[in-house]
Amino acid sequence: MRLSKNHLKTLREAPADAVLESHKLLVRANMIKQEAAGIYMYPKLGWRTVRKVEQIVREEMDYIDCQEIYMPHVNPAELWKETGRWYAYGPELWRIQDRNGNDFILNPTCEEIFTDFVRKEWSSYRELPFSLYHIQFKYRDESRPRYGLLRTREFIMKDAYTFDATEEDLHTAYMRQYHAYEKIFTRCDLDYRIVEADNGPIGGSKSHEFSALSDWGESDILYCDHCGMAATVERAECVDEKPVEEEMLPVEKVFTPGTKTIDDVCAYLKLPVKKSIKALMFTTYDTDLQPKDNVVCFIRGDRQLNMIKLVNALNIPEHYIEFANEDITGPITGSVAGFTGPMGLKNCIVVVDSELVGTVNMCAGANEEDHHLINVCYGRDYTGDIITDIKTLQEGDACPHCGKPVKFRRGIEVGQIFKLGLKYSESMNATFKDENGVDHPYWMGCYGIGITRTMQAIVEQHHDEKGIIWPMSVAPYHVIVTVVKSHDDTQMQLAYDIEKKLESMGVEVMVDDRDERPGVKFNDADLIGIPIRITVGKLAGEGKVEYKLRRESEHETLTVEEAIAKAKALVDEERDGRCFFSRLSEETLNAH
RNA sequence: CGGGGUGUAGCGCAGUUUGGUAGCGCAACUGGUUUGGGACCAGUGGGCCGCGGGUUCAAAUCCUGCCACCCCGACCA
């Protein structure tokens with residue numbers, strides 16, 4: 001490809017509205033361009049990389065016999081009404097109408113249309129198991145698109161769906177996808193963690209997120225380098241600290257003027273924070289948004305509440321709970337804002353964190369202005385309606401698997417896999433006949449990868465102050481041949497010879513034969529991040545060129561033949577990913 | 001959806017306080033000199049100053065309504 005005949009308009013300055021380095025670089029390198037909030041155009045180089053990422057995903061899906069098909073972007077609302085998601089999905093679902101006023105959606109995910117396809121096309125146990133996928137644009141009318149390609153309203157996603165006869169078979173299918181994902185993100189040269197995740201509204205029994213580590217990611221991950229545990233903050237289990245054994249003392253009411261926070265109280269009473277009980281009050285709402293229950297939660301003073309765990313414990317939808325207005329709930333429950341404690345409450349659901357079980361001589365609010373109680377003991381003085389883990393695992397806390405301190409990092413969620421179970425097959429009546437002619441619903445799983453998000457996550461992990469440093473596996477071109485003097489026929493001819501030879505070897509080459517000053521070309525080459533640069537300059541007459549890797553600062557002078565051989569060898573070595581590991585055997589894939 | 005910010009040439013910005021009909025750098029176009037890390041000289045083109053309404057002899061500038069975009073939060077199969 002010759003740059004003189006192709007469009008490339010790089011920017012010296014970053015767009016003012018970009019925050020992330022990866023976002024700025026993709027825009028500056030002319031790989032993406034925003035059309036509207038969360039809606040992007042993909043110029044040539046950007047689209048090539050999109051296609052490279054897609055191809056890696058495609059190869060690994062094909063390898064595990066997942067069949068590529070293509071489903072429409074526009075789905076009739078009827079399908080979504082069958083599963084109820086037409087009503088449950090909320091404003092993020094992009095709804096459209098045809099000229100006759102019929103409802104349709106632009107698909108944000110494709111459980112419905114795949115299940116519909118399967119119930120129309122498949123019918124026998126003889127054809128099981130099977131799995132399907134496609135790679136297409138998805139639509140979610142996000143309230144707040146942001147960070148370039150990380151959160152958009154239109155994005156490319158690979159979504160796969162597996163269909164099995166039994167729950168055990170589903171597990172095998174799930175693990176096959178799991179291994180394929182490991183290979184995909186390794187080939188993309190991403191530093192990622194596989195984390196146990198909350199299932200969210202999609203439902204099902206098990207889920208893993210594949211998160212590329214990055215300070216700007218939107219998912220919070222706790223992980224343990226010692227045992228390999230990794231989980232999202234929502235999901236991470238906490239280890240209850242064993243209560244200190246000591247003799248119960250009689251409860252005592254103490255005057256603690258103006259001490260509304262845990263720190264204030266503990267400082268005032270000279271108590272360690274771990275000896276205090278923190279109270280949090282919520283109001284739940286029913287589906288008509290009318291206030292329903294008052295909920296009071298108690299956790300140890302140094303802990304943080306985990307809303308997801310609380311909502312799960314209460315078995316209510318996530319949106320139907322809010323921090324209580326204690327001026328209103330106080331008179332009902334007998335609590336006093338800032339001085340709420342577990343003794344003497346009424347008309348409320350009391351949720352006690354499991355860690356408080358067995359604790360003695362704790363400090364808690366007295367439900368009386370400016371007063372606290374000390375020597376409060378679980379069991380003797382209070383208990384709860386619900387006792388469970390409602391606290392958040394934090395950096396430095398004990399790992400729930402091995403007890404070592406856990407680490408905290410943010411991650412960009414590039415993939416997620418779910419076991420769906422029977423949720424969609426039952427609601428849409430997608431069944432197969434067994435040996436006896438009896439109908440059974442499929443055990444389903446779904447598996448997503450954000451292609452465009454992955455592309456930006458790669459940039460987030462692979463760049464320097466000069467620009468992007470694409471891994472070979474996803475680079476828009478493997479080699480850039482920079483012609484120093486485009487008026488020099490010797491240089492130009494040599495550059496085109498190199499192009500021809502490398503292309504005949506299957507190497508993807510772009511020649512910067514533009515009539516620009518060398519500095520412009522070098523800076524552009526660095527910005528767009530082509531892995532190998534071959535510079536044709538003043539030594540062209542002697543058949544010598546410079547060979548330089550984008551990721552290294554030094555270059556070397558080689559003969560043309562040497563440079564070509566070296567480039568070819570490196571491309572062969574890295575085109576499938578620098579850390580590519582051997583293909584898994586069928587036995588390994590089916591071992592689960 | 002709450003809080004904050006910004007809308008002026010393709011990109012980055014000044015001008016708005018104190019109203020007088022728009023400017024700088026980069027990019028683009030023409031000619032010339034240049035050519036190993038974002039050249040220089042001379043010239044050219046390009047603006048419903050986000051949109052509507054109002055005040056005024058006169059509005060990018062003041063008032064007002066709306067819209068878009070960005071940031072924080074909420075939300076996020």
# chains A, B, ... in the order shown; residues from 1 in each chain; ligands from 1
>>> interface_residues(of="chain A", to="chain B", cutoff="6 Å", atoms="only C-alpha atoms (C1' of nucleotides)", output="list in words")
Asp17, Ile202, Arg517, Gly519 and Val520 of chain A
>>> write_last_selection(atoms="N, CA and C atoms", output="short mmCIF file (atom, residue, chain, number, x, y, z; two decimals), in the first residue's frame")
data_model
loop_
_atom_site.label_atom_id
_atom_site.label_comp_id
_atom_site.auth_asym_id
_atom_site.auth_seq_id
_atom_site.Cartn_x
_atom_site.Cartn_y
_atom_site.Cartn_z
N ASP A 17 -11.52 17.08 23.85
CA ASP A 17 -12.49 16.35 24.67
C ASP A 17 -12.04 14.93 25.00
N ILE A 202 -28.67 -10.21 33.18
CA ILE A 202 -28.81 -11.25 32.16
C ILE A 202 -29.15 -12.58 32.82
N ARG A 517 8.55 16.09 4.34
CA ARG A 517 9.88 16.08 4.94
C ARG A 517 10.03 14.82 5.81
N GLY A 519 11.04 14.31 8.78
CA GLY A 519 10.54 14.41 10.15
C GLY A 519 9.05 14.10 10.24
N VAL A 520 8.31 14.58 9.27
CA VAL A 520 6.87 14.32 9.24
C VAL A 520 6.62 12.82 9.13
#
>>> closest_atom_pairs(of="region 421-459 of chain A", to="region 46-58 of chain A", cutoff="8 Å", atoms="only C-alpha atoms", output="Markdown table")
| residue | atom | partner | partner_atom | distance |
| --- | --- | --- | --- | --- |
| A:Ile451 | CA | A:Val53 | CA | 6.5 |
| A:Thr452 | CA | A:Val50 | CA | 6.5 |
| A:Thr454 | CA | A:Val53 | CA | 7.9 |
| A:Met455 | CA | A:Val50 | CA | 6.7 |
>>> write_last_selection(atoms="N, CA and C atoms", output="PDB file, in the first residue's frame")
ATOM      1  N   ILE A 451     -15.143  -5.977  20.477  1.00  0.00           N
ATOM      2  CA  ILE A 451     -14.025  -5.900  19.528  1.00  0.00           C
ATOM      3  C   ILE A 451     -13.407  -4.499  19.551  1.00  0.00           C
ATOM      4  N   THR A 452     -14.254  -3.493  19.409  1.00  0.00           N
ATOM      5  CA  THR A 452     -13.720  -2.130  19.350  1.00  0.00           C
ATOM      6  C   THR A 452     -13.158  -1.704  20.706  1.00  0.00           C
ATOM      7  N   THR A 454     -11.773  -3.771  22.806  1.00  0.00           N
ATOM      8  CA  THR A 454     -10.495  -4.478  22.902  1.00  0.00           C
ATOM      9  C   THR A 454      -9.407  -3.698  22.169  1.00  0.00           C
ATOM     10  N   MET A 455      -9.777  -3.170  21.001  1.00  0.00           N
ATOM     11  CA  MET A 455      -8.810  -2.404  20.215  1.00  0.00           C
ATOM     12  C   MET A 455      -8.261  -1.238  21.035  1.00  0.00           C
TER      13      MET A 455
END
>>> select_by_dssp(residues="region 217-327 of chain A", states="helix (DSSP H, G or I)", output="ChimeraX atom specification")
/A:262-269,273-275,307-314,318-320,326-327
>>> write_last_selection(atoms="C-alpha atoms", output="compact mmCIF listing (two decimals), in the first residue's frame")
# COMPACT_ATOMS: atom_id res chain seq x y z
CA ILE A 262 -17.47 6.50 63.09
CA ASP A 263 -14.14 8.28 63.19
CA ASP A 264 -15.53 10.99 65.45
CA VAL A 265 -16.97 8.51 67.90
CA CYS A 266 -13.93 6.28 68.03
CA ALA A 267 -11.63 9.27 68.46
CA TYR A 268 -13.87 10.66 71.20
CA LEU A 269 -14.12 7.36 73.04
CA VAL A 273 -12.54 1.60 64.68
CA LYS A 274 -12.83 -2.18 64.56
CA LYS A 275 -14.69 -2.06 67.87
CA MET A 307 -24.65 -2.57 47.61
CA ILE A 308 -24.77 -5.52 45.23
CA LYS A 309 -24.51 -7.97 48.08
CA LEU A 310 -27.16 -6.06 50.01
CA VAL A 311 -29.56 -6.03 47.10
CA ASN A 312 -28.98 -9.75 46.53
CA ALA A 313 -29.59 -10.45 50.22
CA LEU A 314 -32.86 -8.54 50.11
CA GLU A 318 -31.01 -3.12 42.06
CA HIS A 319 -32.82 0.10 41.22
CA TYR A 320 -35.39 -0.17 43.94
CA GLU A 326 -33.50 9.68 58.09
CA ASP A 327 -35.68 12.60 59.04
>>> closest_residue(among="A:Arg176, A:Arg533, A:Lys538, A:Lys260", to="Asp65 (chain A)", atoms="only C-alpha atoms")
A:Arg176
>>> residues_around(residues="Glu516 (chain A)", least_positions_apart="5", cutoff="9 Å", atoms="only C-alpha atoms (C1' of nucleotides)", output="PyMOL selection string")
(chain A and resi 484-486+521) or (chain B and resi 35)
>>> residues_around(residues="region 158-169 of chain A", least_positions_apart="5", cutoff="7 Å", atoms="only C-alpha atoms (C1' of nucleotides)", output="JSON list (two decimals) with C-alpha atoms, in the first residue's frame")
[["chain", "number", "residue", "atom", "x", "y", "z"],
["A", 128, "LEU", "CA", -26.27, -31.44, 19.95],
["A", 129, "PRO", "CA", -24.15, -29.86, 21.15],
["A", 130, "PHE", "CA", -23.60, -26.87, 18.90],
["A", 131, "SER", "CA", -22.64, -23.26, 19.19],
["A", 132, "LEU", "CA", -23.10, -20.18, 17.03],
["A", 133, "TYR", "CA", -21.63, -16.72, 16.86],
["A", 134, "HIS", "CA", -21.51, -13.59, 14.82],
["A", 135, "ILE", "CA", -19.53, -10.37, 14.81],
["A", 136, "GLN", "CA", -21.59, -7.28, 14.23],
["A", 442, "TYR", "CA", -31.59, -26.15, 25.68],
["A", 443, "TRP", "CA", -29.01, -25.38, 28.31],
["A", 444, "MET", "CA", -27.59, -22.13, 26.99],
["A", 445, "GLY", "CA", -24.53, -20.01, 27.51],
["A", 446, "CYS", "CA", -23.60, -16.66, 26.01],
["A", 447, "TYR", "CA", -20.14, -15.24, 25.40],
["A", 448, "GLY", "CA", -19.30, -11.68, 24.40],
["A", 449, "ILE", "CA", -16.18, -9.83, 23.31],
["A", 450, "GLY", "CA", -16.13, -6.11, 22.68],
["A", 451, "ILE", "CA", -14.03, -5.90, 19.53]]
>>> closest_residue(among="A:Tyr139, A:Cys110, A:Ala398, A:Thr359", to="Glu247 (chain A)", atoms="only C-alpha atoms")
A:Thr359
>>> select_by_dssp(residues="region 105-148 of chain A", states="strand (DSSP E)", output="PDB file with N, CA and C atoms, in the first residue's frame")
ATOM      1  N   ILE A 105     -36.283  -3.286  17.571  1.00  0.00           N
ATOM      2  CA  ILE A 105     -35.135  -2.814  18.348  1.00  0.00           C
ATOM      3  C   ILE A 105     -33.869  -2.983  17.504  1.00  0.00           C
ATOM      4  N   LEU A 106     -32.881  -2.158  17.818  1.00  0.00           N
ATOM      5  CA  LEU A 106     -31.532  -2.389  17.297  1.00  0.00           C
ATOM      6  C   LEU A 106     -30.845  -3.223  18.363  1.00  0.00           C
ATOM      7  N   PHE A 130     -24.085 -27.765  19.951  1.00  0.00           N
ATOM      8  CA  PHE A 130     -23.596 -26.867  18.898  1.00  0.00           C
ATOM      9  C   PHE A 130     -23.516 -25.459  19.459  1.00  0.00           C
ATOM     10  N   SER A 131     -22.753 -24.648  18.772  1.00  0.00           N
ATOM     11  CA  SER A 131     -22.641 -23.256  19.194  1.00  0.00           C
ATOM     12  C   SER A 131     -22.534 -22.358  17.974  1.00  0.00           C
ATOM     13  N   LEU A 132     -22.998 -21.137  18.129  1.00  0.00           N
ATOM     14  CA  LEU A 132     -23.104 -20.182  17.027  1.00  0.00           C
ATOM     15  C   LEU A 132     -22.545 -18.838  17.480  1.00  0.00           C
ATOM     16  N   TYR A 133     -22.040 -18.076  16.516  1.00  0.00           N
ATOM     17  CA  TYR A 133     -21.626 -16.718  16.856  1.00  0.00           C
ATOM     18  C   TYR A 133     -21.726 -15.826  15.648  1.00  0.00           C
ATOM     19  N   HIS A 134     -21.697 -14.556  15.898  1.00  0.00           N
ATOM     20  CA  HIS A 134     -21.513 -13.591  14.817  1.00  0.00           C
ATOM     21  C   HIS A 134     -20.766 -12.376  15.375  1.00  0.00           C
ATOM     22  N   ILE A 135     -20.235 -11.589  14.450  1.00  0.00           N
ATOM     23  CA  ILE A 135     -19.532 -10.370  14.813  1.00  0.00           C
ATOM     24  C   ILE A 135     -20.249  -9.236  14.102  1.00  0.00           C
ATOM     25  N   GLN A 136     -20.838  -8.352  14.876  1.00  0.00           N
ATOM     26  CA  GLN A 136     -21.591  -7.277  14.232  1.00  0.00           C
ATOM     27  C   GLN A 136     -21.678  -6.064  15.156  1.00  0.00           C
ATOM     28  N   PHE A 137     -22.138  -4.958  14.616  1.00  0.00           N
ATOM     29  CA  PHE A 137     -22.359  -3.785  15.447  1.00  0.00           C
ATOM     30  C   PHE A 137     -23.514  -4.038  16.415  1.00  0.00           C
ATOM     31  N   LYS A 138     -23.341  -3.528  17.623  1.00  0.00           N
ATOM     32  CA  LYS A 138     -24.386  -3.601  18.632  1.00  0.00           C
ATOM     33  C   LYS A 138     -24.774  -2.180  19.008  1.00  0.00           C
ATOM     34  N   TYR A 139     -25.974  -2.048  19.503  1.00  0.00           N
ATOM     35  CA  TYR A 139     -26.505  -0.719  19.808  1.00  0.00           C
ATOM     36  C   TYR A 139     -27.021  -0.642  21.234  1.00  0.00           C
TER      37      TYR A 139
END
>>> atom_distance(atom1="CA of Asn436 (chain A)", atom2="CA of Phe114 (chain A)")
25.9 Å
>>> residues_around(residues="region 42-54 of chain B", least_positions_apart="4", cutoff="9 Å", atoms="only C-alpha atoms (C1' of nucleotides)", output="PyMOL selection string")
chain B and resi 7-9+22+28-32+60+63-68
>>> write_last_selection(atoms="N, CA and C atoms (P, O5', C5', C4', C3', O3' and C1' of nucleotides)", output="CSV table (one decimal), in the first residue's frame")
chain,number,residue,atom,x,y,z
B,7,G,P,-16.3,28.1,25.0
B,7,G,O5',-16.6,27.1,23.8
B,7,G,C5',-17.3,27.5,22.7
B,7,G,C4',-17.7,26.2,21.9
B,7,G,C3',-18.4,26.6,20.6
B,7,G,O3',-18.2,25.6,19.6
B,7,G,C1',-19.9,25.4,22.1
B,8,U,P,-17.0,25.8,18.7
B,8,U,O5',-17.0,27.4,18.3
B,8,U,C5',-18.0,27.9,17.4
B,8,U,C4',-17.5,29.1,16.8
B,8,U,C3',-16.1,29.0,16.1
B,8,U,O3',-16.2,28.3,14.8
B,8,U,C1',-16.1,30.9,17.4
B,9,A,P,-15.1,27.3,14.3
B,9,A,O5',-14.8,27.8,12.8
B,9,A,C5',-15.7,27.4,11.8
B,9,A,C4',-14.8,26.9,10.6
B,9,A,C3',-13.8,25.8,11.0
B,9,A,O3',-13.6,24.9,9.9
B,9,A,C1',-12.7,27.8,10.1
B,22,A,P,-16.8,41.0,10.3
B,22,A,O5',-16.0,40.4,11.6
B,22,A,C5',-15.0,41.2,12.2
B,22,A,C4',-14.1,40.4,13.0
B,22,A,C3',-13.1,39.5,12.2
B,22,A,O3',-11.9,40.3,11.9
B,22,A,C1',-14.1,38.2,13.8
B,28,A,P,-1.5,20.2,4.9
B,28,A,O5',-2.8,20.8,4.2
B,28,A,C5',-4.0,20.0,4.0
B,28,A,C4',-5.0,20.8,3.2
B,28,A,C3',-4.5,21.5,1.9
B,28,A,O3',-4.5,20.6,0.8
B,28,A,C1',-5.8,23.0,3.2
B,29,C,P,-3.3,20.7,-0.2
B,29,C,O5',-3.7,22.0,-1.0
B,29,C,C5',-4.9,22.0,-1.8
B,29,C,C4',-5.0,23.4,-2.5
B,29,C,C3',-3.8,24.0,-3.1
B,29,C,O3',-3.6,23.4,-4.5
B,29,C,C1',-4.7,25.6,-1.7
B,30,U,P,-2.1,23.2,-5.0
B,30,U,O5',-1.7,24.7,-5.4
B,30,U,C5',-2.4,25.5,-6.4
B,30,U,C4',-1.8,26.8,-6.6
B,30,U,C3',-0.2,26.8,-6.7
B,30,U,O3',0.2,26.4,-8.0
B,30,U,C1',-0.9,28.5,-5.2
B,31,G,P,1.6,25.6,-8.2
B,31,G,O5',2.7,26.7,-7.9
B,31,G,C5',2.8,27.8,-8.9
B,31,G,C4',3.8,28.8,-8.3
B,31,G,C3',5.1,28.3,-7.9
B,31,G,O3',6.0,28.0,-9.0
B,31,G,C1',4.3,29.8,-6.3
B,32,G,P,7.1,26.9,-8.8
B,32,G,O5',8.1,27.5,-7.8
B,32,G,C5',9.0,28.6,-8.2
B,32,G,C4',9.7,29.2,-7.0
B,32,G,C3',10.7,28.4,-6.3
B,32,G,O3',11.9,28.2,-7.0
B,32,G,C1',9.3,29.5,-4.7
B,60,A,P,-23.0,39.2,16.2
B,60,A,O5',-22.2,38.0,16.8
B,60,A,C5',-22.9,36.8,17.2
B,60,A,C4',-22.1,36.1,18.3
B,60,A,C3',-22.2,36.7,19.6
B,60,A,O3',-23.3,36.2,20.3
B,60,A,C1',-19.9,36.2,19.1
B,63,C,P,-26.3,37.9,30.4
B,63,C,O5',-27.9,38.0,30.2
B,63,C,C5',-28.7,38.9,31.0
B,63,C,C4',-30.1,38.8,30.6
B,63,C,C3',-30.7,37.4,30.4
B,63,C,O3',-31.1,36.8,31.7
B,63,C,C1',-31.3,38.7,28.5
B,64,U,P,-31.0,35.2,31.9
B,64,U,O5',-32.1,34.7,30.9
B,64,U,C5',-33.5,34.9,31.1
B,64,U,C4',-34.3,34.4,30.0
B,64,U,C3',-34.1,32.9,29.6
B,64,U,O3',-34.8,32.1,30.5
B,64,U,C1',-34.1,34.1,27.6
B,65,G,P,-34.3,30.6,30.8
B,65,G,O5',-34.8,29.7,29.6
B,65,G,C5',-36.2,29.5,29.4
B,65,G,C4',-36.5,29.0,28.0
B,65,G,C3',-35.7,27.7,27.7
B,65,G,O3',-36.3,26.5,28.2
B,65,G,C1',-35.5,29.2,25.9
B,66,C,P,-35.4,25.2,28.6
B,66,C,O5',-34.9,24.7,27.1
B,66,C,C5',-35.8,24.1,26.3
B,66,C,C4',-35.3,23.9,24.9
B,66,C,C3',-34.1,23.0,24.7
B,66,C,O3',-34.6,21.6,24.6
B,66,C,C1',-33.6,25.0,23.6
B,67,C,P,-33.6,20.5,25.2
B,67,C,O5',-32.5,20.4,24.0
B,67,C,C5',-32.8,20.1,22.7
B,67,C,C4',-31.7,20.3,21.8
B,67,C,C3',-30.4,19.5,22.1
B,67,C,O3',-30.5,18.1,21.7
B,67,C,C1',-29.8,21.7,21.6
B,68,A,P,-29.6,17.0,22.5
B,68,A,O5',-28.1,17.3,22.0
B,68,A,C5',-27.8,17.2,20.6
B,68,A,C4',-26.4,17.7,20.4
B,68,A,C3',-25.3,17.1,21.2
B,68,A,O3',-24.9,15.8,20.6
B,68,A,C1',-25.1,19.4,21.2
>>> residues_around(residues="Glu246 (chain A)", least_positions_apart="5", cutoff="12 Å", atoms="only C-alpha atoms (C1' of nucleotides)", output="PyMOL selection string")
chain A and resi 358-362+375+377
>>> closest_residue(among="A:Gly148, A:Gly90, A:Gly396, A:Pro108", to="Asn75 (chain A)", atoms="only C-alpha atoms")
A:Pro108
>>> closest_residue(among="B:G2, B:U61, B:U56, B:A74", to="G15 (chain B)", atoms="only C-alpha atoms (C1' of nucleotides)")
B:U61
>>> atom_distance(atom1="CA of Phe185 (chain A)", atom2="CA of Ala230 (chain A)")
16.6 Å
